[in-house]
$ cat upload22.cif   # mmCIF, C-alpha atoms
data_model
#
loop_
_atom_site.label_atom_id
_atom_site.label_comp_id
_atom_site.auth_asym_id
_atom_site.auth_seq_id
_atom_site.Cartn_x
_atom_site.Cartn_y
_atom_site.Cartn_z
CA MET U 1 33.03 39.02 -4.51
CA THR U 2 31.09 40.85 -7.20
CA ALA U 3 32.43 41.67 -10.63
CA THR U 4 31.36 45.30 -10.31
CA GLY U 5 33.12 45.81 -7.01
CA LEU U 6 36.42 44.48 -8.22
CA SER U 7 36.62 45.59 -11.84
CA ALA U 8 38.17 48.94 -10.97
CA LEU U 9 40.66 47.39 -8.56
CA LEU U 10 42.09 44.60 -10.67
CA VAL U 11 45.12 45.60 -12.72
CA THR U 12 47.38 43.71 -15.06
CA VAL U 13 50.85 43.02 -13.73
CA THR U 14 53.86 41.03 -14.77
CA ALA U 15 53.52 37.30 -14.06
CA CYS U 16 54.69 36.40 -10.57
CA GLY U 17 57.63 34.14 -9.85
CA PRO U 18 60.06 33.49 -12.71
CA VAL U 19 60.35 29.86 -13.72
CA ALA U 20 63.82 28.61 -14.58
CA GLU U 21 64.34 28.21 -18.32
CA ARG U 22 60.71 28.97 -19.11
CA ARG U 23 60.41 29.58 -22.81
CA PRO U 24 58.57 32.73 -23.98
CA GLN U 25 55.90 30.62 -25.68
CA ASP U 26 55.11 28.67 -22.50
CA LEU U 27 52.15 29.53 -20.30
CA ARG U 28 52.91 32.03 -17.59
CA VAL U 29 52.87 30.68 -14.05
CA GLY U 30 50.36 32.59 -11.95
CA TYR U 31 47.47 34.78 -13.09
CA ASP U 32 47.83 38.52 -13.47
CA SER U 33 45.43 40.22 -11.11
CA LEU U 34 45.78 42.33 -7.98
CA ASP U 35 43.37 43.42 -5.26
CA GLY U 36 45.27 46.41 -3.98
CA SER U 37 48.71 44.98 -3.21
CA LEU U 38 47.42 41.40 -2.85
CA THR U 39 48.16 38.99 -5.71
CA VAL U 40 44.84 37.17 -6.03
CA TRP U 41 46.12 34.09 -7.90
CA PRO U 42 49.86 33.67 -7.27
CA PRO U 43 51.63 30.57 -8.67
CA ARG U 44 51.20 27.68 -6.25
CA GLY U 45 52.11 24.02 -6.08
CA SER U 46 55.34 22.06 -5.83
CA LEU U 47 55.94 22.04 -9.60
CA VAL U 48 55.55 25.74 -10.38
CA GLU U 49 59.30 26.08 -10.96
CA ASP U 50 59.60 22.86 -12.93
CA ALA U 51 60.28 24.00 -16.51
CA ALA U 52 59.56 20.54 -17.94
CA ALA U 53 56.15 20.41 -16.24
CA THR U 54 55.30 23.93 -17.47
CA ALA U 55 56.25 23.02 -21.04
CA ALA U 56 54.23 19.79 -20.90
CA VAL U 57 51.17 21.60 -19.53
CA THR U 58 51.53 24.22 -22.27
CA ARG U 59 51.60 21.56 -24.99
CA ALA U 60 48.42 19.95 -23.64
CA VAL U 61 46.65 23.31 -23.42
CA ARG U 62 47.64 24.17 -26.99
CA ASP U 63 46.15 20.88 -28.20
CA TRP U 64 42.85 21.39 -26.34
CA ARG U 65 39.79 22.75 -28.15
CA SER U 66 36.51 24.09 -26.79
CA PRO U 67 33.19 22.47 -27.82
CA VAL U 68 32.96 24.97 -30.70
CA ASP U 69 36.58 24.28 -31.73
CA ASP U 70 38.07 27.50 -30.33
CA ARG U 71 41.57 27.31 -28.87
CA VAL U 72 43.22 28.82 -25.82
CA HIS U 73 45.03 32.15 -26.20
CA VAL U 74 48.20 31.18 -24.36
CA PRO U 75 49.66 34.70 -23.80
CA SER U 76 46.63 35.79 -21.74
CA SER U 77 46.22 32.50 -19.85
CA GLY U 78 48.08 31.25 -16.79
CA ILE U 79 48.87 28.23 -14.62
CA LEU U 80 47.20 28.72 -11.24
CA TYR U 81 48.50 25.50 -9.70
CA SER U 82 51.09 22.92 -10.65
CA GLY U 83 51.88 20.23 -8.11
CA GLN U 84 51.29 16.70 -6.89
CA VAL U 85 48.00 15.39 -5.55
CA GLY U 86 48.96 12.09 -4.03
CA ALA U 87 51.25 10.55 -6.61
CA THR U 88 49.57 12.27 -9.56
CA PRO U 89 50.71 15.57 -11.11
CA LEU U 90 47.87 18.11 -11.28
CA ALA U 91 47.75 21.47 -13.05
CA LEU U 92 44.98 24.08 -13.03
CA VAL U 93 44.98 26.60 -15.87
CA ALA U 94 42.95 29.80 -16.20
CA ALA U 95 42.41 29.69 -19.94
CA SER U 96 41.36 32.63 -22.06
CA VAL U 97 39.27 31.57 -25.09
CA PRO U 98 38.56 34.88 -26.86
CA GLY U 99 36.23 33.50 -29.54
CA GLN U 100 33.55 32.68 -26.94
CA ALA U 101 33.91 35.73 -24.69
CA ALA U 102 34.20 33.23 -21.83
CA SER U 103 36.84 31.93 -19.46
CA TRP U 104 37.76 28.32 -18.82
CA LEU U 105 39.28 26.42 -15.93
CA LEU U 106 41.26 23.54 -17.36
CA GLN U 107 42.22 20.70 -15.05
CA LEU U 108 45.18 18.69 -16.35
CA THR U 109 46.50 15.39 -15.06
CA GLY U 110 50.04 14.14 -15.57
CA ASP U 111 50.30 10.98 -17.65
CA GLY U 112 53.81 9.63 -18.12
CA ASP U 113 55.93 12.43 -19.57
CA GLY U 114 52.95 14.53 -20.59
CA TYR U 115 49.67 16.02 -19.40
CA GLN U 116 46.12 15.74 -20.65
CA VAL U 117 43.05 17.89 -19.99
CA SER U 118 40.95 15.70 -17.70
CA HIS U 119 38.22 18.26 -16.93
CA ALA U 120 37.28 21.54 -18.61
CA THR U 121 34.84 23.97 -17.00
CA GLU U 122 33.42 26.95 -18.87
CA TYR U 123 32.51 30.20 -17.13
CA THR U 124 30.16 32.23 -19.31
CA ASP U 125 31.16 35.42 -17.50
CA PRO U 126 34.57 36.35 -18.99
CA GLY U 127 35.78 37.84 -15.69
CA TYR U 128 34.79 34.93 -13.45
CA LEU U 129 38.29 33.59 -12.87
CA VAL U 130 39.48 37.08 -11.91
CA TYR U 131 36.92 38.00 -9.26
CA SER U 132 35.94 34.53 -8.02
CA ASP U 133 37.58 33.09 -4.92
CA VAL U 134 36.66 29.39 -4.86
CA LEU U 135 37.07 27.03 -7.83
CA PRO U 136 35.89 23.39 -7.78
CA VAL U 137 38.33 20.61 -8.62
CA GLN U 138 37.06 17.18 -9.69
CA ALA U 139 39.51 14.72 -8.15
CA ALA U 140 39.57 10.94 -8.04
CA ASP U 141 39.40 11.02 -4.24
CA GLY U 142 36.44 13.41 -4.04
CA ARG U 143 35.66 17.08 -4.49
CA ARG U 144 38.44 19.54 -3.76
CA TYR U 145 38.41 23.33 -3.95
CA PHE U 146 41.11 25.74 -5.05
CA THR U 147 41.02 29.10 -3.28
CA SER U 148 42.32 32.57 -4.04
CA GLU U 149 44.58 34.47 -1.65
CA ARG U 150 41.53 36.42 -0.46
CA VAL U 151 40.21 33.30 1.29
CA ARG U 152 41.16 32.97 4.97
CA ARG U 153 39.05 29.89 5.71
CA LEU U 154 36.73 27.57 3.82
CA ALA U 155 34.00 25.53 5.49
CA GLY U 156 32.64 22.40 3.84
CA PRO U 157 29.10 21.00 3.66
CA ASN U 158 29.39 19.69 7.23
CA GLY U 159 30.36 23.15 8.50
CA ARG U 160 33.91 22.05 9.35
CA MET U 161 36.91 24.04 8.21
CA MET U 162 38.85 22.40 5.39
CA SER U 163 42.57 21.84 5.44
CA VAL U 164 44.25 23.85 2.66
CA THR U 165 47.75 23.39 1.20
CA ASP U 166 49.02 25.75 -1.49
CA GLY U 167 45.44 26.90 -2.03
CA LEU U 168 44.11 23.35 -2.62
CA THR U 169 41.83 21.73 -0.06
CA ASP U 170 41.82 18.15 1.10
CA PRO U 171 39.03 16.05 -0.47
CA VAL U 172 35.54 16.63 0.90
CA ASP U 173 32.46 14.44 0.58
CA VAL U 174 29.99 16.08 -1.83
CA PRO U 175 26.92 14.12 -3.03
CA GLU U 176 26.57 13.36 -6.72
CA CYS U 177 23.11 14.88 -7.26
CA ARG U 178 22.40 17.09 -4.23
CA ALA U 179 23.29 20.73 -3.59
CA VAL U 180 25.43 21.48 -0.54
CA THR U 181 26.76 24.74 0.90
CA VAL U 182 30.40 25.80 0.96
CA THR U 183 31.24 28.95 2.93
CA ALA U 184 34.35 31.09 2.55
CA THR U 185 35.67 33.66 5.00
CA LEU U 186 37.39 36.45 3.06
CA ARG U 187 40.21 38.56 4.44
CA SER U 188 40.21 42.36 4.45
CA THR U 189 41.44 43.74 1.11
CA THR U 190 41.22 46.97 -0.86
CA SER U 191 37.99 45.81 -2.48
CA LEU U 192 36.58 44.45 0.81
CA PRO U 193 37.89 46.70 3.60
CA ARG U 194 35.93 44.75 6.22
CA GLY U 195 36.39 41.33 4.65
CA ARG U 196 33.43 38.97 4.55
CA ALA U 197 32.57 36.40 7.19
CA THR U 198 30.17 34.27 5.14
CA ASP U 199 30.59 34.12 1.37
CA ARG U 200 28.13 31.33 0.55
CA LEU U 201 28.28 29.09 -2.49
CA LEU U 202 26.14 26.13 -3.50
CA ASP U 203 27.92 23.11 -4.95
CA LEU U 204 25.42 21.44 -7.28
CA GLY U 205 27.06 18.04 -6.82
CA THR U 206 29.80 15.91 -8.33
CA GLY U 207 27.40 14.68 -11.02
CA THR U 208 27.63 18.08 -12.73
CA ALA U 209 29.17 17.22 -16.10
CA ALA U 210 31.76 19.28 -17.94
CA PRO U 211 31.77 21.96 -19.16
CA ARG U 212 29.08 23.10 -16.71
CA TYR U 213 30.28 24.67 -13.47
CA PRO U 214 28.82 23.38 -10.20
CA LEU U 215 29.17 26.47 -7.96
CA VAL U 216 26.29 28.96 -7.62
CA ARG U 217 26.42 32.11 -5.50
CA ASP U 218 23.96 31.98 -2.61
CA GLU U 219 24.47 35.11 -0.53
CA SER U 220 21.08 35.01 1.19
CA GLY U 221 20.81 31.24 1.61
CA SER U 222 17.61 31.18 -0.49
CA GLY U 223 19.22 28.79 -2.98
CA ARG U 224 19.98 26.23 -0.29
CA ARG U 225 16.34 26.31 0.78
CA ALA U 226 15.06 26.17 -2.81
CA LEU U 227 17.15 23.10 -3.72
CA ALA U 228 17.00 21.35 -0.33
CA ASP U 229 15.24 18.21 -1.58
CA LEU U 230 15.68 18.50 -5.36
CA ASP U 231 17.81 16.20 -7.51
CA THR U 232 20.42 18.43 -9.15
CA CYS U 233 21.12 15.82 -11.84
CA GLN U 234 17.44 16.06 -12.80
CA LEU U 235 17.66 19.86 -12.69
CA ALA U 236 20.70 19.75 -15.00
CA ASP U 237 19.20 17.31 -17.49
CA GLU U 238 18.68 18.57 -21.06
CA ASP U 239 14.93 18.72 -20.35
CA GLY U 240 15.35 20.08 -16.82
CA PRO U 241 15.31 23.71 -15.70
CA PHE U 242 19.07 24.28 -15.70
CA GLY U 243 19.92 22.44 -18.91
CA SER U 244 16.98 23.03 -21.22
CA VAL U 245 17.84 26.29 -23.03
CA THR U 246 20.62 25.72 -25.54
CA ARG U 247 23.25 28.41 -25.76
CA ARG U 248 23.99 30.15 -29.03
CA VAL U 249 27.55 31.08 -29.96
CA GLY U 250 27.54 33.37 -32.95
CA ASP U 251 24.72 32.31 -35.23
CA ARG U 252 24.38 28.67 -34.19
CA ASP U 253 23.20 26.55 -31.31
CA THR U 254 25.99 24.89 -29.32
CA PRO U 255 24.46 22.01 -27.32
CA ASP U 256 27.87 20.96 -25.94
CA SER U 257 28.44 24.39 -24.35
CA VAL U 258 27.13 25.55 -20.98
CA PRO U 259 23.35 26.04 -21.46
CA ALA U 260 21.93 29.55 -21.54
CA SER U 261 19.73 28.40 -18.64
CA TRP U 262 22.65 27.44 -16.38
CA PRO U 263 22.39 29.14 -12.94
CA LYS U 264 24.89 31.70 -11.65
CA ALA U 265 23.19 33.25 -8.61
CA LYS U 266 19.97 34.24 -6.81
CA LEU U 267 18.21 30.90 -6.73
CA ALA U 268 14.85 31.20 -4.99
CA VAL U 269 11.48 29.48 -4.85
CA ARG U 270 7.92 30.65 -4.18
CA THR U 271 4.57 28.90 -4.02
CA LEU U 272 2.29 29.41 -7.03
CA GLY U 273 -0.71 27.42 -5.88
CA GLU U 274 -2.28 23.96 -5.92
CA VAL U 275 -3.79 21.76 -8.62
CA THR U 276 -5.90 18.62 -8.25
CA LEU U 277 -5.79 15.89 -10.92
CA ASP U 278 -8.24 12.98 -11.40
CA GLY U 279 -9.75 13.17 -7.96
CA GLY U 280 -6.43 12.93 -6.14
CA GLY U 281 -5.16 15.21 -3.44
CA PRO U 282 -4.00 18.74 -4.19
CA ALA U 283 -0.47 18.87 -5.63
CA GLU U 284 1.69 21.90 -4.90
CA LEU U 285 3.12 24.10 -7.65
CA GLU U 286 6.24 26.15 -7.01
CA GLN U 287 8.11 28.62 -9.19
CA LEU U 288 11.89 28.29 -9.15
CA THR U 289 13.79 31.39 -10.31
CA TRP U 290 17.51 32.04 -10.86
CA GLU U 291 19.99 34.35 -12.56
CA THR U 292 21.98 33.21 -15.59
CA ALA U 293 24.48 34.84 -17.94
CA ASP U 294 21.46 35.47 -20.22
CA GLY U 295 19.24 37.03 -17.54
CA THR U 296 16.55 35.72 -15.18
CA MET U 297 14.95 32.35 -15.88
CA SER U 298 12.33 30.29 -14.09
CA ALA U 299 10.65 26.89 -14.04
CA VAL U 300 7.79 25.13 -12.28
CA VAL U 301 8.20 22.40 -9.66
CA TYR U 302 5.26 19.99 -9.22
CA ARG U 303 5.02 18.14 -5.91
CA SER U 304 2.36 15.46 -5.90
CA ALA U 305 0.04 14.99 -2.96
CA ASP U 306 1.03 11.34 -2.46
CA GLY U 307 4.74 12.04 -2.16
CA GLY U 308 5.54 10.74 -5.65
CA PRO U 309 8.45 11.91 -7.79
CA VAL U 310 8.94 15.65 -8.18
CA VAL U 311 8.22 16.85 -11.74
CA LEU U 312 10.15 19.77 -13.24
CA SER U 313 9.38 21.91 -16.27
CA PRO U 314 12.01 23.18 -18.71
CA ALA U 315 13.24 26.72 -18.13
CA ASP U 316 11.39 29.76 -19.43
CA ARG U 317 13.04 33.13 -19.99
CA THR U 318 11.53 36.06 -18.13
CA SER U 319 8.45 37.32 -19.98
CA PRO U 320 5.23 39.16 -19.11
CA LEU U 321 3.47 35.82 -19.71
CA GLN U 322 5.40 32.80 -18.38
CA VAL U 323 4.52 29.48 -20.02
CA TYR U 324 5.71 26.19 -18.52
CA GLU U 325 5.14 22.74 -20.00
CA LEU U 326 5.00 20.33 -17.07
CA PRO U 327 5.38 16.62 -18.00
CA VAL U 328 3.23 15.15 -15.20
CA PRO U 329 2.92 11.38 -15.89
CA GLY U 330 -0.49 10.58 -17.34
CA GLN U 331 -1.56 14.23 -17.38
CA PRO U 332 0.92 16.71 -18.86
CA LEU U 333 0.06 20.29 -17.96
CA VAL U 334 0.65 23.81 -19.17
CA VAL U 335 1.10 26.38 -16.41
CA LEU U 336 0.55 30.06 -17.27
CA SER U 337 1.78 32.69 -14.84
CA TRP U 338 1.73 36.49 -15.06
CA ARG U 339 1.50 39.61 -12.96
CA SER U 340 -2.19 40.27 -12.72
CA THR U 341 -3.46 43.85 -12.76
CA LYS U 342 -6.75 45.53 -13.68
CA ASP U 343 -5.33 46.07 -17.18
CA THR U 344 -4.31 42.45 -17.96
CA THR U 345 -6.53 39.85 -19.61
CA LEU U 346 -5.53 36.27 -20.45
CA SER U 347 -6.97 34.52 -23.52
CA VAL U 348 -6.70 30.77 -24.06
CA PRO U 349 -7.74 28.56 -27.03
CA PRO U 350 -11.48 27.70 -27.20
CA GLY U 351 -12.41 24.60 -25.25
CA THR U 352 -9.43 24.81 -22.88
CA ALA U 353 -10.26 23.15 -19.54
CA ARG U 354 -8.91 25.37 -16.77
CA LEU U 355 -7.90 23.16 -13.85
CA VAL U 356 -6.81 26.27 -11.95
CA ASP U 357 -8.14 29.69 -12.86
CA ARG U 358 -7.30 32.66 -10.71
CA PRO U 359 -5.66 36.05 -11.28
CA GLY U 360 -2.04 35.49 -12.26
CA LEU U 361 -2.26 31.69 -12.62
CA VAL U 362 -3.99 29.30 -15.02
CA VAL U 363 -3.27 25.57 -15.19
CA ALA U 364 -4.67 23.50 -18.05
CA PRO U 365 -4.03 20.16 -19.76
CA LEU U 366 -1.17 20.47 -22.23
CA PRO U 367 -2.80 20.84 -25.67
CA GLU U 368 -2.38 17.94 -28.09
CA ARG U 369 -1.16 20.31 -30.77
CA ARG U 370 0.64 23.64 -30.73
CA GLU U 371 -1.70 26.32 -29.42
CA THR U 372 -1.34 30.04 -28.76
CA PHE U 373 -2.07 31.83 -25.48
CA SER U 374 -2.13 35.62 -25.16
CA LEU U 375 -1.96 38.22 -22.42
CA ALA U 376 -3.44 41.63 -23.22
CA ALA U 377 -1.83 44.42 -21.19
CA ASP U 378 -2.35 48.17 -21.28
CA ASP U 379 0.46 48.73 -23.80
CA LYS U 380 0.58 45.55 -25.93
CA THR U 381 -0.51 41.93 -26.27
CA HIS U 382 1.98 39.16 -25.51
CA TYR U 383 1.67 35.84 -27.36
CA ARG U 384 3.11 32.49 -26.24
CA THR U 385 2.66 28.93 -27.52
CA ALA U 386 2.64 25.50 -25.90
CA GLY U 387 2.12 21.91 -26.98
CA PRO U 388 3.85 19.61 -29.49
CA ALA U 389 5.48 21.46 -32.36
CA ARG U 390 3.57 21.42 -35.62
CA ARG U 391 5.10 19.22 -38.31
#
$ encode --input "upload22.cif" --output "structure tokens"
Amino acid sequence: MTATGLSALLVTVTACGPVAERRPQDLRVGYDSLDGSLTVWPPRGSLVEDAAATAAVTRAVRDWRSPVDDRVHVPSSGILYSGQVGATPLALVAASVPGQAASWLLQLTGDGDGYQVSHATEYTDPGYLVYSDVLPVQAADGRRYFTSERVRRLAGPNGRMMSVTDGLTDPVDVPECRAVTVTATLRSTTSLPRGRATDRLLDLGTGTAAPRYPLVRDESGSGRRALADLDTCQLADEDGPFGSVTRRVGDRDTPDSVPASWPKAKLAVRTLGEVTLDGGGPAELEQLTWETADGTMSAVVYRSADGGPVVLSPADRTSPLQVYELPVPGQPLVVLSWRSTKDTTLSVPPGTARLVDRPGLVVAPLPERRETFSLAADDKTHYRTAGPARR
């Protein structure tokens, strides 16, 4: 589902299903959204009417704090699921954290007479938990998924339909550091009169660490092809494409929050060209692009001729002149990419050795000190820097 398509159809309603003896200050059970007459996130699980469980979940949620010390706004949050997974109580809470303009999925595990937040996932789009239909659950027995009432069927990475009870799937085998496809079949609703046979999502792997979310929309299947042989743990590293741009909340960097470079949708890859180093065979350069909450970002993938390890650059925000620092072992590179026209001219520092030099692409050794590159266009000149920061 898209946020735009549903925003006009989702209305606030009274919480579904009264819970016996629920105190006014407790979390509501269920989440207040409708798609026509369909309640998208009704209360589910064997403990939704257990007042003691609801109160214990509420206490744990009140005690939880986000990485920037914001707290949950209980009146606008709700318990999506409260039940038993095996012998362990599990609760899933859609948590509103107004200070960050984001939404959180809190996963709580029962521990004696209380609950504790065992996993917290941040969604940088505030409406994500309203218009999304599949939410990942990190369980001890493997990956599970929690589905909205719009989902008729959910197919796992092996293409087989998953068994679903109260919206929660049985565990499914998902690799730690590889992307796999999960496909939902959506029923006909007011927002989707014809339903949707294949709503594709990429799971980036169980190694995705909180608070980052592992599901990426992949409507065309281009993301599956782009990440087919890439290590998603390497992609998510603080120096990798998905983890390298620190998010700012207010006027400060928040390295423990979801990175500004974290992918949401439209992953794709295209070939940039080839580069030859030290007499070896030609290595392939690819440009990986994706959509984030902060706009389009991209990175360079270096595939050596001898089948050695893949090298990834940090992310670069979309710019008329893209600059990628590529940490190739023994020969770090700077890759410059732009849309070449008759009105564009690239200037590089004097003495720069151009290993690749063609319209729209220059590859050079990474300078030993911070240097400036510029692209003159018909309307203005764009300046970018690369190399170690000056002290």
$ closest_residue --input "upload22.cif" --among "U:Leu288, U:Val72, U:Leu312, U:Leu272" --to "Ser244 of chain U" --atoms "all atoms listed in the file"
U:Leu312
$ atom_distance --input "upload22.cif" --atom1 "atom CA of Ser77 of chain U" --atom2 "atom CA of Ala94 of chain U"
5.6 Å
$ atom_distance --input "upload22.cif" --atom1 "atom CA of Pro171 of chain U" --atom2 "atom CA of Thr39 of chain U"
25.2 Å
$ resolve_selection --input "upload22.cif" --expression "the PyMOL selection byres ((chain U and resi 130-138) around 10)" --output "PyMOL selection string"
chain U and resi 1-7+10+31-35+40-41+92+94+103+105-107+118-121+126-129+139-151+154+167-169+171+182-184+186+199+201+203+206+208+213-215
$ residues_around --input "upload22.cif" --residues "Arg212 of chain U" --least-positions-apart "5" --cutoff "10 Å" --atoms "only C-alpha atoms" --output "VMD selection string"
chain U and resid 120 to 124 236 243 256 to 259 262 to 263
$ atom_distance --input "upload22.cif" --atom1 "atom CA of Gly207 of chain U" --atom2 "atom CA of Gly156 of chain U"
17.5 Å
$ resolve_selection --input "upload22.cif" --expression "the PyMOL selection byres ((chain U and resi 29) around 6)" --output "list in words"
Arg28, Gly30, Pro43, Gly78 and Ile79 of chain U
$ resolve_selection --input "upload22.cif" --expression "the PyMOL selection byres ((chain U and resi 109) around 8)" --output "PyMOL selection string"
chain U and resi 88-91+107-108+110-111+115-118
$ closest_residue --input "upload22.cif" --among "U:Gln287, U:Asn158, U:Gln234, U:Ser66" --to "Val180 of chain U" --atoms "all atoms listed in the file"
U:Asn158
$ closest_residue --input "upload22.cif" --among "U:Leu321, U:Leu361, U:Leu202, U:Val174" --to "Lys380 of chain U" --atoms "all atoms listed in the file"
U:Leu321
$ closest_residue --input "upload22.cif" --among "U:Gly250, U:Ala386, U:Ala283, U:Ala268" --to "Gly307 of chain U" --atoms "only C-alpha atoms"
U:Ala283
$ closest_residue --input "upload22.cif" --among "U:Ala260, U:Leu333, U:Val323, U:Val61" --to "Thr372 of chain U" --atoms "all atoms listed in the file"
U:Val323
$ residues_around --input "upload22.cif" --residues "Ala364 of chain U" --least-positions-apart "5" --cutoff "7 Å" --atoms "only C-alpha atoms" --output "VMD selection string"
chain U and resid 333 to 335 352 to 355
$ residues_around --input "upload22.cif" --residues "Asp306 of chain U" --least-positions-apart "6" --cutoff "10 Å" --atoms "all atoms listed in the file" --output "list in words"
Gly280, Gly281, Pro282 and Ala283 of chain U
$ residues_near_point --input "upload22.cif" --point "(9.9, 39.8, -20.5)" --cutoff "12 Å" --atoms "all atoms listed in the file" --output "NGL selection string"
:U and (295-298 or 316-323 or 338-339 or 382-384)
$ closest_residue --input "upload22.cif" --among "U:Gly36, U:Asp170, U:Arg62, U:Val363" --to "Gly86 of chain U" --atoms "all atoms listed in the file"
U:Asp170
$ build_atoms --input "upload22.cif" --residues "segment 204-211 of chain U" --atoms "all heavy atoms" --output "mmCIF file, in the coordinates of the input"
data_model
loop_
_atom_site.group_PDB
_atom_site.id
_atom_site.type_symbol
_atom_site.label_atom_id
_atom_site.label_comp_id
_atom_site.auth_asym_id
_atom_site.auth_seq_id
_atom_site.Cartn_x
_atom_site.Cartn_y
_atom_site.Cartn_z
ATOM 1 N N LEU U 204 26.546 22.186 -6.739
ATOM 2 C CA LEU U 204 25.420 21.440 -7.280
ATOM 3 C C LEU U 204 25.662 19.941 -7.356
ATOM 4 O O LEU U 204 24.809 19.196 -7.829
ATOM 5 C CB LEU U 204 25.065 21.959 -8.681
ATOM 6 C CG LEU U 204 24.594 23.416 -8.744
ATOM 7 C CD1 LEU U 204 24.256 23.800 -10.176
ATOM 8 C CD2 LEU U 204 23.400 23.668 -7.835
ATOM 9 N N GLY U 205 26.819 19.474 -6.886
ATOM 10 C CA GLY U 205 27.060 18.040 -6.820
ATOM 11 C C GLY U 205 28.108 17.569 -7.811
ATOM 12 O O GLY U 205 28.351 18.194 -8.843
ATOM 13 N N THR U 206 28.727 16.440 -7.486
ATOM 14 C CA THR U 206 29.800 15.910 -8.330
ATOM 15 C C THR U 206 29.284 15.330 -9.638
ATOM 16 O O THR U 206 30.072 15.031 -10.535
ATOM 17 C CB THR U 206 30.602 14.846 -7.573
ATOM 18 O OG1 THR U 206 29.700 13.796 -7.146
ATOM 19 C CG2 THR U 206 31.282 15.436 -6.354
ATOM 20 N N GLY U 207 27.963 15.179 -9.765
ATOM 21 C CA GLY U 207 27.400 14.680 -11.020
ATOM 22 C C GLY U 207 27.313 15.758 -12.092
ATOM 23 O O GLY U 207 26.938 15.460 -13.234
ATOM 24 N N THR U 208 27.641 17.006 -11.750
ATOM 25 C CA THR U 208 27.630 18.080 -12.730
ATOM 26 C C THR U 208 28.684 17.803 -13.797
ATOM 27 O O THR U 208 29.867 17.740 -13.500
ATOM 28 C CB THR U 208 27.920 19.440 -12.066
ATOM 29 O OG1 THR U 208 26.983 19.650 -11.013
ATOM 30 C CG2 THR U 208 27.818 20.580 -13.062
ATOM 31 N N ALA U 209 28.258 17.642 -15.030
ATOM 32 C CA ALA U 209 29.170 17.220 -16.100
ATOM 33 C C ALA U 209 29.811 18.420 -16.777
ATOM 34 O O ALA U 209 29.194 19.479 -16.934
ATOM 35 C CB ALA U 209 28.401 16.400 -17.138
ATOM 36 N N ALA U 210 31.071 18.244 -17.183
ATOM 37 C CA ALA U 210 31.760 19.280 -17.940
ATOM 38 C C ALA U 210 30.987 19.565 -19.222
ATOM 39 O O ALA U 210 30.372 18.657 -19.785
ATOM 40 C CB ALA U 210 33.185 18.822 -18.270
ATOM 41 N N PRO U 211 31.005 20.824 -19.686
ATOM 42 C CA PRO U 211 31.770 21.960 -19.160
ATOM 43 C C PRO U 211 30.999 22.820 -18.170
ATOM 44 O O PRO U 211 31.385 23.946 -17.901
ATOM 45 C CB PRO U 211 32.049 22.767 -20.440
ATOM 46 C CG PRO U 211 30.815 22.586 -21.252
ATOM 47 C CD PRO U 211 30.367 21.162 -20.994
#
